[in-house]
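Colleague: Provided herewith is a single structure, encoded as structure tokens, for subsequent inquiry.
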Amino acid sequence: MAAPDPEADRRRVDELDARLRAARGKVEKSRQSNGIGGVSHRQTGVAYRVLVDMIAGLLVGGFLGYWLDRWLGWAPFSLVTGLVLGFAAGANNAWRAIRVYSAEADKGTDEGPRLP
């Protein structure tokens with residue numbers, strides 16, 4: 001049985017480490033040049049706005065429907081109608097935000113939101 005050679009092991013580890021760093025550098029460069037691998041702050045902001053618009057629409061519609069049910073005694077009808085209208089309003093607001101973002105992305109501007 002041969003005696004272990006720590007210097008040879010160290011050289012192999014160093015060579016492997018150098019190859020790994022070179023490979024990681026190539027991947028990072030290709031991601032940066034292709035624009036892949038990251039999401040801009042603007043995209044994240046638009047995604048959160050869409051989420052908040054949808055949730056707020058459902059909450060406001062549900063609250064108003066529940067309030068009308070209690071006030072007028074229309075059991076579940078106002079609540080269901082309020083939820084449907086709240087969803088439609090949230091989807092409409094989300095669609096407007098996405099359209100504005102798409103128009104700005106087509107122009108190439110990445111400035112702050114200019115929502116109507």
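By convention in this document, the chains of the structure tokens carry letters A, B, ... by their order, each chain's residues are numbered from 1, and ligands are numbered from 1 in the order they are shown.
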Report as a tab-separated table: every residue of region 55-82 of chain A with an atom at most 12 Å from region 93-100 of chain A, its closest pair of atoms, and their distance in Å to one decimal, counting only C-alpha atoms, with rows sorted by chain and ascending residue number.
Modeller:
```
residue	atom	partner	partner_atom	distance
A:Ile55	CA	A:Ala94	CA	10.5
A:Ala56	CA	A:Asn93	CA	10.3
A:Gly57	CA	A:Asn93	CA	8.9
```
Colleague: Please write the residues from the selection above to a file, keeping C-alpha atoms, as a PDB file, in the first residue's frame.
Modeller:
```pdb
ATOM      1  CA  ILE A  55     -55.988  41.415  -2.306  1.00  0.00           C
ATOM      2  CA  ALA A  56     -57.303  44.932  -1.632  1.00  0.00           C
ATOM      3  CA  GLY A  57     -60.063  44.497  -4.209  1.00  0.00           C
TER       4      GLY A  57
END
```
Colleague: When you look at Leu58 (chain A) with a cut-off of 10 Å (counting only C-alpha atoms), what residues show up, excluding the ones that are within fewer than 2 positions of it in the same chain? I need them as a count of residues only.
Modeller: 20
Colleague: Which of chain A end up as helix (DSSP H, G or I) when DSSP is run on this backbone - answer as a PyMOL selection string?
Modeller: chain A and resi 6-34+41-72+77-107
Colleague: Expressed in Å to a single decimal, how great is the separation between CA of Gly25 (chain A) and CA of Ala8 (chain A)?
Modeller: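 These atoms are spaced 25.8 Å apart.
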Colleague: Nearest to Gly45 (chain A): which of A:Tyr101, A:Leu20, A:Val13, A:Glu7 is it, counting only C-alpha atoms?
Modeller: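 Checking each of A:Tyr101, A:Leu20, A:Val13, A:Glu7 against Gly45 (chain A), counting only C-alpha atoms, the winner is A:Tyr101.
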Colleague: Please determine, counting only C-alpha atoms, which residue among A:Val80, A:Ala75, A:Val46, A:Ala3 has the shortest atom-to-atom distance to Ser102 (chain A).
Modeller: A:Val46
Colleague: How many Å separate CA of Asp69 (chain A) from CA of Val50 (chain A)?
Modeller: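 Between CA of Asp69 (chain A) and CA of Val50 (chain A) the gap works out to 28.4 Å.
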Colleague: Interatomic distance between CA of Leu79 (chain A) and CA of Trp67 (chain A)?
Modeller: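 CA of Trp67 (chain A) lies at a distance of 8.2 Å from CA of Leu79 (chain A).
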